[in-house]
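Notes follow the structure.
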Amino acid sequence: MSSSVIRARRRAEVEDGEARLADHADRPEGTTPGAILGTLTAVRLSGDTQILRRTPRAGRRSRDGRLKLCMQFGGVAIVSQDGHRARIESGRMALYDPGRPYDLYLEGRWSCIVLTFPRSALSLPDGVVRQAMLRPHPFGEGPGAVLADFVVATLENRTSIGTSAGRLGEAAFHLIAGALDRTEPADAEAAADTLRRGILRFAREHLSDPALTHDEIAAAHLMAPRSLHRLFEQEPHTVTEYIRLRRLESAHRDLTDPLLGHLSIARIAARWCFPSQAHFTRAFQARYGTSPSIVRRASARSSST
């Protein structure tokens with residue numbers, strides 16, 4: 001978990017819902033080597049009572065559009081963020097934003113698995129994501145149980161995943177979205193969010209089609225382009241931005257897939273509708289802070305060891 005650990009203690013006291021911190025520091029015990037599935041990471045943590053705090057400064061450094069999902073397998077966790085508190089008991093999970101300050105109080109002998117992933121990978125409207133953050137969700141049955149089994153099996157088999165990591169990451173995004181999409185938005189937004197879900201799903205399913213544009217999506221949904229723009233003007237990304245982000249994520253996944261090592265960077269770029277390799281390189285570097293060639297070389301070294 002990338003939170004800054006501050007003045008934690010083995011036995012914390014809670015008064016009026018706020019944890020008081022002791023004067024000595026500690027770190028979560030029992031951290032397993034994490035599993036990296038493309039742009040998703042999973043790590044199992046365990047320990048005794050302590051508090052993890054994301055400071056405003058650390059939050060500003062982490063405003064990269066990523067989310068965390070804490071799945072509690074033992075003990076209790078309480079996430080406090082933006083004046084809202086979510087109590088996560090064993091068998092439940094909660095979504096939160098590491099780009100904003102929070103306190104995470106871990107009570108008793110606890111264990112959890114934390115998933116970190118790009119917000120855009122969920123392909124869910126912002127209203128659904130915000131609603132999902134307001135309360136814990138069960139993972140003992142339904143889509144949540146499927147997600148939990150998948151995550152546990154992934155960590156147990158992390159050393160033998162090999163070239164399937166990126167594809168498993170894509171599967172994880174669908175499972176997370178399925179587990180959280182049971183959240184019902186407010187009535188006034190229900191129809192709009194249902195339409196947004198359908199549009200994002202349509203865009204995701206046609207990412208490799210060069211004809212996929214804002215106007216083409218509007219036409220496919222019998223809407224005027226201006227109406228589609230208005231539908232997404234309060235979302236974190238416009239439809240065009242969403243398409244570009246998901247295409248870059250797909251290209252990143254392919255660049256790290258040893259099974260696709262025979263494809264040139266230009267071929268992968270074209271595969272995801274970037275006909276100009278120079279344009280692709282600039283967009284990729286702006287998104288990931290490094291070049292496609294460096295990502296490919298690092299992946300090749302990793303797979304050869």
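Identifiers in the structure tokens: chain A, B, ... in order shown; residue index from 1 per chain; ligand index from 1 in order shown.
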
Give me, as a tab-separated table, the closest atom pair and its distance (Å, one decimal) for every residue of region 126-209 of chain A within a cut-off of 9 Å of region 33-42 of chain A, counting only C-alpha atoms, rows sorted by chain and rising number.
```
residue	atom	partner	partner_atom	distance
A:Val151	CA	A:Ala42	CA	7.6
A:Thr154	CA	A:Ala35	CA	7.2
A:Leu155	CA	A:Ala35	CA	6.0
A:Asn157	CA	A:Ala35	CA	8.9
A:Arg158	CA	A:Ala35	CA	5.7
A:Thr159	CA	A:Ala35	CA	8.5
A:Ser164	CA	A:Leu37	CA	8.2
A:Ala165	CA	A:Leu37	CA	4.5
A:Gly166	CA	A:Gly38	CA	4.3
A:Arg167	CA	A:Leu37	CA	7.6
A:Leu168	CA	A:Leu37	CA	6.3
A:Gly169	CA	A:Leu37	CA	4.5
A:Glu170	CA	A:Gly38	CA	8.0
A:Ala172	CA	A:Leu40	CA	8.2
A:Phe173	CA	A:Leu40	CA	8.3
```

Running DSSP on the backbone, which parts of region 155-273 of chain A land in helix (DSSP H, G or I), as a VMD selection string?
chain A and resid 155 to 156 158 to 160 162 to 180 187 to 205 214 to 220 225 to 232 239 to 255 258 to 260 265 to 271

Could you state the separation of CA of Leu263 (chain A) and CA of Arg296 (chain A) in Å, given to one decimal place?
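Straight-line distance from CA of Leu263 (chain A) to CA of Arg296 (chain A) works out to 10.9 Å.
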
Per-residue DSSP, region 93-142 of chain A, filtered to strand (DSSP E or B), as a PyMOL selection string
chain A and resi 93-96+102-118+137-138

Applying 8 Å and only C-alpha atoms, which residues near region 228-233 of chain A remain after dropping the ones on its own chain fewer than 4 positions away? List them as a list of chain:residue names.
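The residues satisfying every condition are A:Ala192, A:Arg196, A:His214, A:Ala218, A:Met223, A:Ala224, A:His237, A:Thr238, A:Val239.
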
Counting only C-alpha atoms, what is within 8 Å of Ala86 (chain A), bar same-chain residues fewer than 3 positions away, as a PyMOL selection string?
chain A and resi 78-80+94+134-136

Give me the residues near Arg282 (chain A) as number ranges by chain, where near means some atom within 10 Å (using only C-alpha atoms) and where sequence neighbours in that chain fewer than 5 positions away do not count.
A: 277, 287, 289-292

Can I get the selection written as an mmCIF file, in the first residue's frame, with all heavy atoms?
```
data_model
loop_
_atom_site.group_PDB
_atom_site.id
_atom_site.type_symbol
_atom_site.label_atom_id
_atom_site.label_comp_id
_atom_site.auth_asym_id
_atom_site.auth_seq_id
_atom_site.Cartn_x
_atom_site.Cartn_y
_atom_site.Cartn_z
ATOM 1 N N GLN A 277 3.766 6.935 -35.507
ATOM 2 C CA GLN A 277 4.523 6.465 -34.356
ATOM 3 C C GLN A 277 5.031 7.629 -33.515
ATOM 4 O O GLN A 277 5.106 7.534 -32.294
ATOM 5 C CB GLN A 277 5.704 5.601 -34.798
ATOM 6 C CG GLN A 277 6.450 4.975 -33.611
ATOM 7 C CD GLN A 277 7.527 4.000 -34.040
ATOM 8 O OE1 GLN A 277 7.569 3.575 -35.188
ATOM 9 N NE2 GLN A 277 8.411 3.652 -33.111
ATOM 10 N N ARG A 287 1.470 10.098 -20.958
ATOM 11 C CA ARG A 287 0.627 9.289 -20.071
ATOM 12 C C ARG A 287 1.437 8.525 -19.037
ATOM 13 O O ARG A 287 1.056 8.438 -17.865
ATOM 14 C CB ARG A 287 -0.187 8.291 -20.922
ATOM 15 C CG ARG A 287 -1.065 7.343 -20.111
ATOM 16 C CD ARG A 287 -2.251 8.066 -19.533
ATOM 17 N NE ARG A 287 -3.106 7.157 -18.793
ATOM 18 C CZ ARG A 287 -2.993 6.901 -17.490
ATOM 19 N NH1 ARG A 287 -2.020 7.471 -16.805
ATOM 20 N NH2 ARG A 287 -3.836 6.078 -16.886
ATOM 21 N N GLY A 289 5.088 8.729 -18.606
ATOM 22 C CA GLY A 289 6.347 9.306 -18.153
ATOM 23 C C GLY A 289 7.576 8.590 -18.674
ATOM 24 O O GLY A 289 8.686 8.821 -18.181
ATOM 25 N N THR A 290 7.410 7.730 -19.642
ATOM 26 C CA THR A 290 8.532 7.016 -20.252
ATOM 27 C C THR A 290 8.154 6.661 -21.674
ATOM 28 O O THR A 290 6.994 6.808 -22.077
ATOM 29 C CB THR A 290 8.873 5.743 -19.452
ATOM 30 O OG1 THR A 290 10.078 5.170 -19.956
ATOM 31 C CG2 THR A 290 7.743 4.722 -19.522
ATOM 32 N N SER A 291 9.103 6.208 -22.454
ATOM 33 C CA SER A 291 8.841 5.942 -23.866
ATOM 34 C C SER A 291 8.409 4.496 -24.092
ATOM 35 O O SER A 291 8.710 3.617 -23.277
ATOM 36 C CB SER A 291 10.098 6.230 -24.688
ATOM 37 O OG SER A 291 11.096 5.255 -24.397
ATOM 38 N N PRO A 292 7.724 4.230 -25.189
ATOM 39 C CA PRO A 292 7.340 2.849 -25.503
ATOM 40 C C PRO A 292 8.544 1.915 -25.604
ATOM 41 O O PRO A 292 8.474 0.762 -25.166
ATOM 42 C CB PRO A 292 6.623 2.981 -26.843
ATOM 43 C CG PRO A 292 6.143 4.396 -26.901
ATOM 44 C CD PRO A 292 7.176 5.186 -26.171
#
```

Find, counting only C-alpha atoms, the residue in A:Pro236, A:Gly75, A:Gly140, A:Gly65 that gets nearest to Leu45 (chain A).
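Of the candidates, the smallest distance to Leu45 (chain A) is held by A:Gly75.
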
Would you pick out the contacts of Ala266 (chain A) at 9 Å or less, using only C-alpha atoms, so that residues sharing its chain but fewer than 2 positions from it are not included, and give the list as an MDAnalysis selection string?
chainID A and resid 263:264 268:271 274:277 280

Selection: 8 Å around region 209-212 of chain A, only C-alpha atoms, excl. self and same-chain fewer than 4 positions, as a list of chain:residue names:
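Counting only the stated atoms, we get A:Ala203, A:Glu216, A:Ile217, A:Trp272, A:Cys273.
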
Written file, previous selection with N, CA and C atoms, as an mmCIF file, in the first residue's frame:
```cif
data_model
loop_
_atom_site.group_PDB
_atom_site.id
_atom_site.type_symbol
_atom_site.label_atom_id
_atom_site.label_comp_id
_atom_site.auth_asym_id
_atom_site.auth_seq_id
_atom_site.Cartn_x
_atom_site.Cartn_y
_atom_site.Cartn_z
ATOM 1 N N ALA A 203 -17.687 1.935 -26.515
ATOM 2 C CA ALA A 203 -16.355 2.446 -26.859
ATOM 3 C C ALA A 203 -15.282 1.406 -26.552
ATOM 4 N N GLU A 216 -19.122 9.307 -34.307
ATOM 5 C CA GLU A 216 -19.611 7.968 -34.659
ATOM 6 C C GLU A 216 -20.340 7.330 -33.485
ATOM 7 N N ILE A 217 -19.848 7.545 -32.273
ATOM 8 C CA ILE A 217 -20.530 7.006 -31.089
ATOM 9 C C ILE A 217 -21.882 7.686 -30.924
ATOM 10 N N TRP A 272 -3.737 0.037 -32.322
ATOM 11 C CA TRP A 272 -4.627 0.796 -31.443
ATOM 12 C C TRP A 272 -4.875 2.201 -31.971
ATOM 13 N N CYS A 273 -4.830 2.292 -33.321
ATOM 14 C CA CYS A 273 -5.298 3.493 -34.024
ATOM 15 C C CYS A 273 -4.422 4.717 -33.815
#
```
